[in-house]
Amino acid sequence: MADFQCNGRHSSLTMQTSQSNLDPKMLAELEGLELRARYIVDGYLSGTHRSTYRGQSVEFTEHREYTPGDDLRYVDWKVFGKTDKVYLKQFEAETNLVCYLLVDISESMRYQSEVAALSKLEYAQSLAAALGMIVLRQRDSVSLTTCDDQVRDLVRESSSPAHLHQLIDVMRQAVGRRKSALGPVLHEISQRFRRRGIVVLLSDLLGDDDALLTGLKHLRHARHEVILLQLLDPAEIDFPFDRTTLFHGLELLPDVLVEPRGVRQAYLAELHKFLDRIQVGCRSLQIEYELLTTDQPFDEALRRVLTKRRSR
Amino acid sequence: MTLPVTSSLAALEFTSLPMLGWLATAALPWLIHRLYRRQHQTTPWAAVELLLSAMRQRARRVQLQQWLLLAVRTAILTLVALAVAEPALRTWAVGAGGTAERHRIIVVDQSYSMGCQQLGTSRWQRAQAHAHDWIESSSGDALTLIGWSKQAENLIGRPTFDTSVALAALEDLRLTQTSGDLPAAARAVLGAIDRAKVEMPQIRTQQVVFCTDLSRQTWSADESERLLLEALAERAQVTIVNVADDQRDNIAVTNLAIEPAITLQQREATITTTLTCFGQAPPAGVRVEILIEGRLVKQQQLDLRSDGETTARFTHRFVDEGVQTVQVVVADHDDGLAIDDKRWLIVDVRPNVRVACFAGQSGAARDLARALAPRDSLTGNDGAIQPDVFSVSRLGEIELSNYAAVLLSSVAELSSREAAGLTEYVRQGGGLAIFLGQGSTAERLGDLRQVLPVKVEGLQEPGEYRFDPQEYRHPVVSPFRGQAQSGLLGVAVSQFFRLRLRDERPSAETVLKFDTGDPALVVDHFGLGQVAVSALPGSLEARTASGAPWSSFAFSPSFLPVIHELVAYLVGDRWLRRRNLIVGEPAIFPWEKSNRVATVRSPEGVERTLPLPGAEDRGQLEFRETDEQGAYRFSFGNRECARFAINLDGRDSDLMPIDPATLPSDFSANTVESSMALPIAAGELSLARTLLAAAGLLLLLEISLAWMLGRGWG
């Protein structure tokens, strides 16, 4: 676990070396986003972590016919026993939740250091896919938007289990070669998301933080619940470089040749100030904020995200 | 006296200028820096803005740190390169007074061992070169140059700031043919130091540089001399530049003598020469040649003893009378020091020795005359000595200069004219022997008393006395050593004159004593001559109150040889000693007013006119310029009046150097070999060590800085 102090405040950016099976290093070997997402979700749900999204509302309303992929926990076995047909119980709450997944696919998200098994984009994609799967399993609707400096793809919400494939396809196609400008994007999607829901933003948030907070503010004005998941690479947190390094700037930023040891402390201070601004801004907007690193086990990441949700 | 204000300049000079090329290494840190910057790793980076922001915060500091490290590293290499080039800050003063605070005294050893050559270079040449370098490097310092041999001479006098003056004096300096006198050098140096202190009060540092071969004969110091050296070391920084080579083996002719002391024409004489071998003797021996008047007369092949003396004897019959030059030469031998391979001897070959015997009483000189020219064929006398017996009353009319010696026997009284005549006779080189007899008193000898080396204190009480020969040390009695049958110890003495040596005549020698301790026979030199005084009469005529002879000496078999030896000593030994001198000793010979012009011909054949004193009628001419060995001929007009042989004293023929460790510590600690570089010269401040020390400190600083900055401190 690595902690750092900045300006006397102790902030904890923890990087746990996980012993669990949902370690990114292991999941990195799984080919296919869907497989990876399934592995994550199954692993998460089979553990002690139970979905807070599961059965928000227990009021049974009606049956619907079973389609492949549906959660077998909602099969009405009594009906099956009587009719030999598989019907799922439909609860009132299943139709209430919309989860808007917003994934930053800008070039900065492609960064992957030597110590990380996944790039930030891969980690975001895996996590978004897992979240989407969880939501769909719980018969809620999930939408996906990929963006960089503008909205690239937007998949409308659906609660169909097959919707996951579409989500994964879209995420798989993300190229990640452009700058990010989340502020204007958030403005746009706040107008396009008509139905109130939960917006989960997965991004490294590297860019204009003022514009970002303004955009988040707009989302909040639209009465969306926002969960901000900031994804950073361990190297971006720790700045472990010791040789003279040419830092090749992503998103058209300039290259910088620097002796890292001489600037490390200053960089960490700047990073901490940046993260503080984000946290303070989120707090003021009542936005749930989590800082995740790409070497963090997915179950831990999910737990932190979903536990927060449950606490509300 | 106030010194004129002068400007003081300084300049940086480099002893090892080519080493400055190492300055190029100062560029290494830059090159490494550039290369290092090229050898970087590359990584894509998303948080460039954060990095840039951090750099902006740290930019100036980081840049300063990098520049600082670079500057330190460059400075280290620069300092090392400069130090290797041996920089020295030279200061000099412009103007007559100078503002220098150091007085450098350069002492150049001129003793003849410095002429030793090896591989074409002599010690003298090396000493001159070193002295030249020391003078050249003394800009800004007060300089004194001392030439050191038997005496030590300050060649410049008042210390000079003008190196050209010192160099000119050095140019005029010549190797001498004398040995070095260490106390003389020490005293000369101390004198120069004292003078500089008085005349140049700004002088704060005294430095003495000896350019010498450290020959042990010169540098061996007894206790008092050692104290002198230590006193010198306390007042000055001493440096000894040892210019000796490794030549140790040397053969020198250390003695050349002739026997008998009175060399007679047509009589065989024995020429004895001593060769001293220092170090290893040549295995094949050496050839020794005897030349008389330049002609080879004898030669001999000698096998010499290593580290010892070997004596060779040659017999020769001098055919011609007159003063002649005998020379011994070690032929065809090169041991690096040729100057001591020869020696000269001036001999006076006489047809006979005329002795005037003056009797104070009738018959008083008879025994003496008989002893000088015995008619008994058993004594072997061949008439070499021709005594003429006179009454003392004829003393005033006899031309004493025709006689080699004058004997006075029982002369009780002398007129002033007679005394003056005898005094002048001795002064001009004659030999006088006085046998005190009946009625003799010193007062009645008048002015002759000044010639006598003794005071006559009256008669000893009659008794039984014997001679004490004092182990036969004196040459007059040395032939009696081991000759018990000679009768010298058996001479019965019943009465004698008590003699007391004059304090003002320390050169007087007691040839023979009585067993009471009183002198029996005393000799001394006076002027150019010799005088002897016997406490016994020279005949049996003298009787005590009881009628007994004063002694049986005249009857003794020892009487004849004693008288002969005495005359030989008065005439021959003294003469030989006067005419055979050591380099530097004055040649003294008589002159008269009628001699208008005197000339001297040096061993190298150069003739020079000598000034004569104008006031007196006669006197002694003293020639001091006996700087070179060989035969010197003095002439009045066309007539040669005197000849002298000047020889080396032989001490410096021992080429073995002294162990510097035996010198006082300040001397031994500062002895440098001539092959080593000069110490930093006067007026120069060595910067090399300072630069290296600074480089070392910077290196520590660089290491610390690099570690600190690497850890992100500062």
# chains A, B, ... in the order shown; residues from 1 in each chain; ligands from 1

$ interface_residues --of "chain A" --to "chain B" --cutoff "9 Å" --atoms "only C-alpha atoms" --output "ChimeraX atom specification"
/A:107-113,206-207,236,242-251,253-259,261-271,274

$ residues_around --residues "segment 221-226 of chain A" --least-positions-apart "2" --cutoff "9 Å" --atoms "only C-alpha atoms" --output "mmCIF file with C-alpha atoms, in the first residue's frame"
data_model
loop_
_atom_site.group_PDB
_atom_site.id
_atom_site.type_symbol
_atom_site.label_atom_id
_atom_site.label_comp_id
_atom_site.auth_asym_id
_atom_site.auth_seq_id
_atom_site.Cartn_x
_atom_site.Cartn_y
_atom_site.Cartn_z
ATOM 1 C CA SER A 190 -26.972 15.810 -19.601
ATOM 2 C CA GLN A 191 -29.343 17.012 -22.264
ATOM 3 C CA PHE A 193 -30.135 11.565 -20.976
ATOM 4 C CA ARG A 194 -33.813 12.330 -20.487
ATOM 5 C CA ARG A 195 -34.520 9.684 -17.965
ATOM 6 C CA ARG A 196 -33.117 10.207 -14.571
ATOM 7 C CA GLY A 197 -30.585 7.597 -13.649
ATOM 8 C CA ILE A 198 -27.149 6.884 -12.370
ATOM 9 C CA VAL A 199 -24.305 8.198 -14.416
ATOM 10 C CA VAL A 200 -21.107 6.278 -13.901
ATOM 11 C CA LEU A 201 -18.150 8.114 -15.421
ATOM 12 C CA LEU A 216 -20.744 17.373 -13.630
ATOM 13 C CA LYS A 217 -22.664 20.180 -12.158
ATOM 14 C CA HIS A 218 -24.852 20.193 -15.218
ATOM 15 C CA LEU A 219 -25.497 16.502 -14.774
ATOM 16 C CA LEU A 228 -17.170 9.388 -10.697
ATOM 17 C CA GLN A 286 -22.675 15.417 -3.935
ATOM 18 C CA ILE A 287 -21.021 13.224 -6.457
ATOM 19 C CA GLU A 288 -19.642 9.886 -5.397
ATOM 20 C CA TYR A 289 -15.945 9.826 -6.181
#

$ residues_around --residues "Thr145 of chain A" --least-positions-apart "2" --cutoff "8 Å" --atoms "only C-alpha atoms" --output "list in words"
Tyr100, Leu101, Leu102, Val103, Ser143, Cys147, Val151, Arg152, Asp153, Leu154 and Val155 of chain A

$ residues_around --residues "segment 637-646 of chain B" --least-positions-apart "2" --cutoff "10 Å" --atoms "only C-alpha atoms" --output "compact mmCIF listing (two decimals) with N, CA, C and O atoms, in the first residue's frame"
# COMPACT_ATOMS: atom_id res chain seq x y z
N VAL B 323 118.58 24.97 -8.58
CA VAL B 323 117.17 24.67 -8.26
C VAL B 323 116.55 23.91 -9.44
O VAL B 323 116.66 24.35 -10.59
N GLN B 324 115.93 22.80 -9.14
CA GLN B 324 115.33 21.99 -10.19
C GLN B 324 113.93 21.55 -9.79
O GLN B 324 113.62 21.43 -8.59
N THR B 325 113.18 21.28 -10.81
CA THR B 325 111.79 20.86 -10.59
C THR B 325 111.67 19.36 -10.83
O THR B 325 112.03 18.87 -11.90
N VAL B 326 111.22 18.69 -9.80
CA VAL B 326 110.95 17.26 -9.90
C VAL B 326 109.44 17.09 -10.00
O VAL B 326 108.68 17.72 -9.25
N GLN B 327 109.01 16.25 -10.90
CA GLN B 327 107.56 16.04 -11.06
C GLN B 327 107.30 14.55 -11.12
O GLN B 327 108.04 13.79 -11.77
N ARG B 343 102.35 15.65 -9.18
CA ARG B 343 102.80 16.46 -8.05
C ARG B 343 104.19 17.00 -8.39
O ARG B 343 104.94 16.39 -9.17
N TRP B 344 104.52 18.12 -7.76
CA TRP B 344 105.80 18.77 -8.04
C TRP B 344 106.61 18.89 -6.76
O TRP B 344 106.08 18.94 -5.64
N LEU B 345 107.90 18.97 -6.97
CA LEU B 345 108.83 19.17 -5.86
C LEU B 345 109.98 20.01 -6.38
O LEU B 345 110.59 19.68 -7.43
N ILE B 346 110.26 21.06 -5.64
CA ILE B 346 111.40 21.91 -6.01
C ILE B 346 112.58 21.51 -5.11
O ILE B 346 112.43 21.47 -3.88
N VAL B 347 113.66 21.19 -5.70
CA VAL B 347 114.85 20.81 -4.91
C VAL B 347 116.00 21.76 -5.28
O VAL B 347 116.05 22.28 -6.39
N ASP B 348 116.83 21.96 -4.32
CA ASP B 348 118.02 22.80 -4.56
C ASP B 348 119.24 21.88 -4.54
O ASP B 348 119.64 21.38 -3.47
N LEU B 576 113.05 23.21 1.83
CA LEU B 576 112.06 22.46 1.08
C LEU B 576 110.65 22.88 1.46
O LEU B 576 109.78 23.01 0.61
N ARG B 577 110.46 23.10 2.73
CA ARG B 577 109.12 23.51 3.15
C ARG B 577 108.77 24.89 2.64
O ARG B 577 107.62 25.18 2.34
N ARG B 578 109.75 25.75 2.52
CA ARG B 578 109.46 27.09 2.02
C ARG B 578 109.17 27.09 0.55
O ARG B 578 108.44 27.94 0.05
N ARG B 579 109.79 26.15 -0.14
CA ARG B 579 109.66 26.17 -1.60
C ARG B 579 108.60 25.20 -2.13
O ARG B 579 108.28 25.25 -3.32
N ASN B 580 108.07 24.37 -1.30
CA ASN B 580 107.05 23.42 -1.73
C ASN B 580 105.80 23.65 -0.89
O ASN B 580 105.78 23.36 0.30
N LEU B 581 104.83 24.24 -1.55
CA LEU B 581 103.66 24.75 -0.85
C LEU B 581 102.39 24.07 -1.33
O LEU B 581 102.40 23.32 -2.32
N ILE B 582 101.33 24.40 -0.63
CA ILE B 582 99.98 23.93 -1.01
C ILE B 582 99.28 25.07 -1.73
O ILE B 582 99.55 26.25 -1.47
N VAL B 583 98.39 24.72 -2.62
CA VAL B 583 97.63 25.71 -3.38
C VAL B 583 97.02 26.73 -2.41
O VAL B 583 96.36 26.36 -1.44
N GLY B 584 97.26 27.99 -2.68
CA GLY B 584 96.72 29.05 -1.84
C GLY B 584 97.72 29.59 -0.85
O GLY B 584 97.55 30.70 -0.34
N GLU B 585 98.76 28.83 -0.55
CA GLU B 585 99.78 29.34 0.37
C GLU B 585 100.62 30.37 -0.35
O GLU B 585 100.97 30.20 -1.52
N PRO B 586 101.03 31.41 0.33
CA PRO B 586 101.81 32.46 -0.35
C PRO B 586 103.25 32.00 -0.57
O PRO B 586 103.85 31.32 0.27
N ALA B 587 103.76 32.39 -1.69
CA ALA B 587 105.18 32.16 -1.97
C ALA B 587 105.94 33.39 -1.53
O ALA B 587 105.67 34.50 -2.00
N ILE B 588 106.85 33.19 -0.61
CA ILE B 588 107.59 34.33 -0.02
C ILE B 588 109.06 34.17 -0.34
O ILE B 588 109.66 33.11 -0.10
N PHE B 589 109.66 35.22 -0.82
CA PHE B 589 111.07 35.15 -1.14
C PHE B 589 111.67 36.55 -0.95
O PHE B 589 110.95 37.56 -0.99
N PRO B 590 112.96 36.62 -0.69
CA PRO B 590 113.58 37.91 -0.37
C PRO B 590 113.82 38.74 -1.63
O PRO B 590 113.97 38.22 -2.74
N TRP B 591 113.85 40.01 -1.41
CA TRP B 591 114.18 40.90 -2.50
C TRP B 591 115.05 42.03 -1.94
O TRP B 591 115.08 42.30 -0.76
N ASN B 595 116.92 44.93 -7.03
CA ASN B 595 116.06 44.16 -7.95
C ASN B 595 114.94 45.07 -8.40
O ASN B 595 114.00 45.34 -7.67
N ARG B 596 115.04 45.54 -9.57
CA ARG B 596 114.07 46.56 -9.99
C ARG B 596 112.75 45.98 -10.45
O ARG B 596 111.69 46.53 -10.22
N VAL B 597 112.86 44.89 -11.14
CA VAL B 597 111.64 44.30 -11.72
C VAL B 597 111.54 42.85 -11.30
O VAL B 597 112.54 42.11 -11.36
N ALA B 598 110.41 42.46 -10.86
CA ALA B 598 110.18 41.05 -10.54
C ALA B 598 109.10 40.51 -11.46
O ALA B 598 108.10 41.18 -11.72
N THR B 599 109.33 39.32 -11.94
CA THR B 599 108.31 38.68 -12.77
C THR B 599 108.03 37.29 -12.22
O THR B 599 108.90 36.67 -11.59
N VAL B 600 106.85 36.85 -12.49
CA VAL B 600 106.46 35.49 -12.10
C VAL B 600 105.96 34.78 -13.35
O VAL B 600 105.25 35.35 -14.16
N ARG B 601 106.38 33.54 -13.43
CA ARG B 601 105.92 32.71 -14.55
C ARG B 601 105.10 31.57 -13.94
O ARG B 601 105.61 30.78 -13.14
N PRO B 603 102.57 28.17 -13.79
CA PRO B 603 102.77 26.82 -14.33
C PRO B 603 102.34 26.69 -15.79
O PRO B 603 102.85 25.84 -16.51
N THR B 626 98.84 31.85 -5.75
CA THR B 626 99.24 30.47 -6.04
C THR B 626 97.98 29.61 -6.13
O THR B 626 97.75 28.72 -5.29
N ASP B 627 97.15 29.91 -7.12
CA ASP B 627 95.84 29.25 -7.23
C ASP B 627 95.90 27.94 -7.99
O ASP B 627 94.96 27.15 -7.91
N GLU B 628 97.01 27.75 -8.71
CA GLU B 628 97.08 26.54 -9.52
C GLU B 628 98.32 25.76 -9.14
O GLU B 628 99.37 26.35 -8.79
N GLN B 629 98.20 24.48 -9.24
CA GLN B 629 99.34 23.64 -8.91
C GLN B 629 100.36 23.71 -10.04
O GLN B 629 100.00 23.98 -11.19
N GLY B 630 101.58 23.45 -9.65
CA GLY B 630 102.65 23.48 -10.64
C GLY B 630 103.84 24.25 -10.11
O GLY B 630 103.92 24.58 -8.93
N ALA B 631 104.78 24.51 -10.98
CA ALA B 631 106.00 25.22 -10.61
C ALA B 631 105.89 26.69 -10.98
O ALA B 631 105.54 27.00 -12.12
N TYR B 632 106.15 27.56 -10.04
CA TYR B 632 106.15 29.00 -10.26
C TYR B 632 107.59 29.49 -10.21
O TYR B 632 108.33 29.14 -9.29
N ARG B 633 107.98 30.28 -11.17
CA ARG B 633 109.36 30.80 -11.23
C ARG B 633 109.30 32.31 -11.10
O ARG B 633 108.59 32.99 -11.84
N PHE B 634 110.10 32.78 -10.17
CA PHE B 634 110.19 34.23 -9.94
C PHE B 634 111.57 34.68 -10.39
O PHE B 634 112.58 34.03 -10.11
N SER B 635 111.56 35.80 -11.02
CA SER B 635 112.83 36.30 -11.55
C SER B 635 112.94 37.79 -11.26
O SER B 635 111.93 38.52 -11.25
N LEU B 648 98.34 20.29 -4.71
CA LEU B 648 97.05 20.11 -4.06
C LEU B 648 97.25 19.64 -2.63
O LEU B 648 98.25 18.98 -2.33
N ASP B 649 96.29 19.98 -1.79
CA ASP B 649 96.41 19.48 -0.41
C ASP B 649 95.98 18.03 -0.30
O ASP B 649 96.21 17.39 0.71

$ closest_residue --among "B:Ser494, B:Gln470, B:Val522, B:Leu512" --to "Pro453 of chain B" --atoms "only C-alpha atoms"
B:Val522

$ select_by_dssp --residues "segment 64-187 of chain A" --states "alpha helix (DSSP H)" --output "PyMOL selection string"
chain A and resi 77-83+120-137+163-172+182-187

$ write_last_selection --atoms "N, CA and C atoms" --output "CSV table (one decimal), in the first residue's frame"
chain,number,residue,atom,x,y,z
A,77,TRP,N,-40.4,-21.1,-10.3
A,77,TRP,CA,-40.4,-22.5,-10.4
A,77,TRP,C,-41.8,-23.2,-10.2
A,78,LYS,N,-42.5,-22.4,-9.5
A,78,LYS,CA,-43.9,-22.9,-9.3
A,78,LYS,C,-44.6,-23.0,-10.6
A,79,VAL,N,-44.5,-21.9,-11.3
A,79,VAL,CA,-45.1,-21.9,-12.7
A,79,VAL,C,-44.5,-22.9,-13.5
A,80,PHE,N,-43.2,-23.1,-13.5
A,80,PHE,CA,-42.6,-24.2,-14.3
A,80,PHE,C,-43.1,-25.5,-13.9
A,81,GLY,N,-43.3,-25.7,-12.6
A,81,GLY,CA,-43.8,-27.0,-12.2
A,81,GLY,C,-45.2,-27.3,-12.7
A,82,LYS,N,-45.9,-26.2,-12.8
A,82,LYS,CA,-47.3,-26.4,-13.3
A,82,LYS,C,-47.4,-26.4,-14.8
A,83,THR,N,-46.5,-25.6,-15.4
A,83,THR,CA,-46.7,-25.5,-16.9
A,83,THR,C,-45.6,-26.0,-17.7
A,120,LYS,N,-5.4,1.9,-18.8
A,120,LYS,CA,-6.6,2.5,-18.2
A,120,LYS,C,-7.9,2.3,-19.0
A,121,LEU,N,-7.7,2.3,-20.2
A,121,LEU,CA,-8.9,2.1,-21.1
A,121,LEU,C,-9.4,0.6,-20.9
A,122,GLU,N,-8.5,-0.3,-21.0
A,122,GLU,CA,-8.9,-1.7,-20.8
A,122,GLU,C,-9.5,-1.9,-19.4
A,123,TYR,N,-8.9,-1.3,-18.5
A,123,TYR,CA,-9.5,-1.5,-17.1
A,123,TYR,C,-10.9,-0.8,-17.1
A,124,ALA,N,-11.0,0.3,-17.7
A,124,ALA,CA,-12.3,1.0,-17.7
A,124,ALA,C,-13.4,0.2,-18.4
A,125,GLN,N,-12.9,-0.4,-19.6
A,125,GLN,CA,-13.8,-1.2,-20.3
A,125,GLN,C,-14.2,-2.4,-19.6
A,126,SER,N,-13.3,-3.0,-18.9
A,126,SER,CA,-13.6,-4.3,-18.1
A,126,SER,C,-14.6,-3.9,-17.0
A,127,LEU,N,-14.3,-2.8,-16.3
A,127,LEU,CA,-15.1,-2.5,-15.2
A,127,LEU,C,-16.5,-2.0,-15.7
A,128,ALA,N,-16.5,-1.3,-16.8
A,128,ALA,CA,-17.8,-0.8,-17.3
A,128,ALA,C,-18.6,-2.0,-17.8
A,129,ALA,N,-17.9,-3.0,-18.4
A,129,ALA,CA,-18.7,-4.2,-18.9
A,129,ALA,C,-19.2,-5.0,-17.7
A,130,ALA,N,-18.4,-5.0,-16.6
A,130,ALA,CA,-18.9,-5.8,-15.4
A,130,ALA,C,-20.0,-5.1,-14.8
A,131,LEU,N,-19.9,-3.8,-14.7
A,131,LEU,CA,-21.1,-3.0,-14.2
A,131,LEU,C,-22.3,-3.2,-15.0
A,132,GLY,N,-22.1,-3.1,-16.3
A,132,GLY,CA,-23.3,-3.3,-17.2
A,132,GLY,C,-23.9,-4.7,-17.0
A,133,MET,N,-23.0,-5.7,-16.9
A,133,MET,CA,-23.6,-7.0,-16.7
A,133,MET,C,-24.3,-7.1,-15.4
A,134,ILE,N,-23.8,-6.5,-14.4
A,134,ILE,CA,-24.5,-6.6,-13.1
A,134,ILE,C,-25.9,-5.9,-13.2
A,135,VAL,N,-25.9,-4.8,-13.8
A,135,VAL,CA,-27.1,-4.0,-14.0
A,135,VAL,C,-28.1,-4.8,-14.8
A,136,LEU,N,-27.7,-5.4,-15.8
A,136,LEU,CA,-28.6,-6.2,-16.7
A,136,LEU,C,-29.1,-7.4,-16.0
A,137,ARG,N,-28.2,-8.0,-15.2
A,137,ARG,CA,-28.7,-9.2,-14.5
A,137,ARG,C,-29.7,-8.8,-13.5
A,163,HIS,N,-28.4,-7.0,-24.5
A,163,HIS,CA,-27.8,-5.6,-24.7
A,163,HIS,C,-26.4,-5.5,-24.3
A,164,LEU,N,-26.0,-6.4,-23.5
A,164,LEU,CA,-24.6,-6.4,-23.1
A,164,LEU,C,-23.6,-6.6,-24.3
A,165,HIS,N,-24.1,-7.5,-25.2
A,165,HIS,CA,-23.2,-7.7,-26.4
A,165,HIS,C,-23.0,-6.4,-27.1
A,166,GLN,N,-24.0,-5.6,-27.2
A,166,GLN,CA,-23.9,-4.4,-27.9
A,166,GLN,C,-23.0,-3.4,-27.2
A,167,LEU,N,-23.1,-3.4,-25.9
A,167,LEU,CA,-22.2,-2.6,-25.1
A,167,LEU,C,-20.8,-2.9,-25.3
A,168,ILE,N,-20.6,-4.2,-25.3
A,168,ILE,CA,-19.2,-4.7,-25.4
A,168,ILE,C,-18.6,-4.4,-26.8
A,169,ASP,N,-19.5,-4.6,-27.8
A,169,ASP,CA,-19.0,-4.3,-29.1
A,169,ASP,C,-18.6,-2.9,-29.3
A,170,VAL,N,-19.4,-2.0,-28.7
A,170,VAL,CA,-19.1,-0.6,-28.8
A,170,VAL,C,-17.7,-0.3,-28.1
A,171,MET,N,-17.6,-0.9,-27.0
A,171,MET,CA,-16.4,-0.6,-26.2
A,171,MET,C,-15.1,-1.2,-26.9
A,172,ARG,N,-15.3,-2.3,-27.5
A,172,ARG,CA,-14.2,-2.9,-28.2
A,172,ARG,C,-13.7,-2.1,-29.3
A,182,LEU,N,-14.0,16.4,-21.3
A,182,LEU,CA,-15.2,15.8,-20.7
A,182,LEU,C,-16.2,16.9,-20.4
A,183,GLY,N,-15.8,18.1,-20.1
A,183,GLY,CA,-16.7,19.2,-19.8
A,183,GLY,C,-17.8,19.3,-20.8
A,184,PRO,N,-17.5,19.6,-22.0
A,184,PRO,CA,-18.5,19.7,-23.1
A,184,PRO,C,-19.3,18.5,-23.3
A,185,VAL,N,-18.6,17.3,-23.1
A,185,VAL,CA,-19.3,16.1,-23.3
A,185,VAL,C,-20.4,15.9,-22.2
A,186,LEU,N,-20.1,16.2,-21.0
A,186,LEU,CA,-21.1,16.1,-20.0
A,186,LEU,C,-22.2,17.0,-20.2
A,187,HIS,N,-21.9,18.2,-20.7
A,187,HIS,CA,-23.0,19.1,-21.0
A,187,HIS,C,-24.0,18.5,-22.0

$ residues_around --residues "Leu213 of chain A" --least-positions-apart "6" --cutoff "8 Å" --atoms "only C-alpha atoms" --output "PDB file with C-alpha atoms, in the first residue's frame"
ATOM      1  CA  GLY A 183     -16.723  19.160 -19.768  1.00  0.00           C
ATOM      2  CA  ILE A 278     -11.636  16.839  -8.048  1.00  0.00           C
ATOM      3  CA  GLY A 281     -15.589  19.515  -6.382  1.00  0.00           C
ATOM      4  CA  CYS A 282     -17.345  16.170  -6.264  1.00  0.00           C
TER       5      CYS A 282
END

$ residues_around --residues "Phe314 of chain B" --least-positions-apart "4" --cutoff "9 Å" --atoms "only C-alpha atoms" --output "ChimeraX atom specification"
/B:269-273,290,298-300

$ select_by_dssp --residues "segment 131-363 of chain B" --states "strand (DSSP E)" --output "number ranges by chain"
B: 142-148, 152-154, 205-212, 237-242, 250-259, 263-264, 268-278, 286-292, 295-302, 308-317, 322-331, 342-350, 353-359

$ residues_around --residues "Leu229 of chain A" --least-positions-apart "4" --cutoff "7 Å" --atoms "only C-alpha atoms" --output "PyMOL selection string"
chain A and resi 201-203+289-292
